[in-house]
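Report on the following structure.
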Amino acid sequence: MKKAIIYTLAFAVIQIAMMQLVQLFYGLMSDKETASLSASQMIIAMTASSIVVIALFLYLHWAEVSRSYVRLRPWATLFWCALAAMGAIIPSEFVQELIPLPNIVEEEFDMILKDRWGYFAIGLFAPVCEELVFRGAVLRALLRWTPRHWLAIAISALLFALIHANPAQMLHAFLIGLLLGWFYYRTDSIVPGVVYHWVNNSIAYVVYNFYPDPQMKLLDLFGSQRSVAAAVLFSLLILLPALYQLNLRLRKAQ
C-alpha cells in the first residue's frame, strides 16, 4: 500500500512541477509573469511530464515492461479492447449526466482539445504514461500487498480517479480504472489497457472537435430521450459482447 501511495504522489508531483517549470521558463523568456499557461504551453508541460514519468518509473524499476504478452499475438483481444472502449463512451456519459459533478478544469481542457497538438498529450502520451503508473506500478504493488485482487483493483481505480483532480472526470475515471485494472490482473500487461485508454481518449478528442460545446448533453446530440435510450442500448450491445469476449480471451503470458 505504501508503494502505491508513493507512486501516485510521484506522478502528481512531476505533473505539477513540470507545469510550474514551463510557466517559469516562458515567464523568463517573455520577461513577465503569466497567471496561466497557454494551450501550447500546457501541451508541452503535459507531454514533457509524461516522458519524465515514463523514464523515471522504468529507470527505478517501479514499473516493468516486457514483450511477453505481445509475443502471444493477442490481436483479437486488443480488437475487443478497442471495441469495448467504443461501446463504453455513451453509457459512461449517460451515467455522468445522471450524477452531474463540477468541471473545475473545463477551460484548460477546452484549450488543449481545440489545439491540434493536444492529441499528442491527450491521445498518445497520456494512455501510455497513466497505464504504466496506475496499472504497471500502483496496481502491481497493491496486488502484492493483498490477495484480494478486487480490493487492489478498486484502490488503484480510486487513486486513478483522484489524481485527475477534477470532479467531473472522477466517476468516469473510476469506472474505467476498474476495467483497466481487471485487464492488468488477467494479463500482467499494460498493453490491453493502453489500447483501451488510447481509443477512449482518441474518441473524446474527435467528438470534442466535432461538437466543441462542452455543455452539450446527449439529449442535445440525439434530439429526444427515446433516441438517447436507443444510443445507450446500441452502445451496450457493443460493450457487453466485447466484455464477454475479453473474459474468454484475457490471459497471462506463460
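By order in the C-alpha cells, chains are A, B, ...; within a chain, residues start at 1; ligands start at 1, following the order shown.
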Near-Leu180 of chain A list (12 Å; only C-alpha atoms; drop same-chain fewer than 3 positions) as a VMD selection string: chain A and resid 81 84 to 85 127 130 to 132 134 to 136 139 150 153 to 154 156 to 157 160 173 to 177 183 to 198 200 243 246 250
Next, dump the selected residues to file, keeping only C-alpha atoms, as a compact mmCIF listing (two decimals), in the first residue's frame.
```txt
# COMPACT_ATOMS: atom_id res chain seq x y z
CA CYS A 81 -10.43 -3.90 -26.04
CA ALA A 84 -15.20 -2.14 -25.55
CA ALA A 85 -13.83 1.40 -25.36
CA PRO A 127 -2.54 6.49 -22.17
CA GLU A 130 -1.06 6.54 -16.97
CA GLU A 131 -1.24 2.81 -17.68
CA LEU A 132 2.44 2.41 -16.80
CA PHE A 134 -1.56 3.15 -12.32
CA ARG A 135 -1.59 -0.40 -13.59
CA GLY A 136 2.07 -1.25 -14.16
CA LEU A 139 -1.84 -1.91 -9.15
CA TRP A 150 -10.74 -6.76 -6.47
CA ILE A 153 -8.20 -3.04 -8.37
CA ALA A 154 -10.72 -0.81 -6.55
CA SER A 156 -5.97 1.62 -7.84
CA ALA A 157 -9.12 2.84 -9.63
CA PHE A 160 -6.61 6.93 -10.67
CA ALA A 173 -12.04 7.56 -14.41
CA PHE A 174 -13.03 5.30 -11.52
CA LEU A 175 -15.24 3.07 -13.66
CA ILE A 176 -12.62 2.83 -16.40
CA GLY A 177 -9.97 2.25 -13.72
CA PHE A 183 -7.30 -6.16 -17.77
CA TYR A 184 -3.98 -5.92 -15.93
CA TYR A 185 -4.88 -8.54 -13.34
CA ARG A 186 -5.84 -11.02 -16.05
CA THR A 187 -2.77 -10.43 -18.24
CA ASP A 188 0.07 -8.93 -16.15
CA SER A 189 0.44 -6.49 -19.04
CA ILE A 190 -0.45 -2.85 -19.61
CA VAL A 191 -0.90 -3.42 -23.36
CA PRO A 192 -4.68 -4.11 -23.30
CA GLY A 193 -5.15 -1.09 -21.02
CA VAL A 194 -3.08 1.16 -23.28
CA VAL A 195 -5.20 0.16 -26.29
CA TYR A 196 -8.46 0.77 -24.41
CA HIS A 197 -7.17 4.05 -22.94
CA TRP A 198 -5.91 5.24 -26.34
CA ASN A 200 -11.18 6.20 -25.21
CA LEU A 243 -16.54 -7.72 -22.29
CA LEU A 246 -12.43 -10.31 -23.19
CA LEU A 250 -7.59 -12.25 -21.45
```
Long-range neighbours of Glu106 of chain A as a ChimeraX atom specification, 10 Å cut-off, only C-alpha atoms, 5 positions minimum in chain: /A:111,166,168,214-215
Selection near segment 220-230 of chain A, 10 Å with only C-alpha atoms, sequence-local residues under 5 positions removed, as a ChimeraX atom specification: /A:90-91,94,211,215,235-236
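Among the candidates A:Arg148, A:Leu60, A:Ala126, A:Leu83, the residue lying nearest to Leu240 of chain A is A:Leu83 (atoms considered: only C-alpha atoms).
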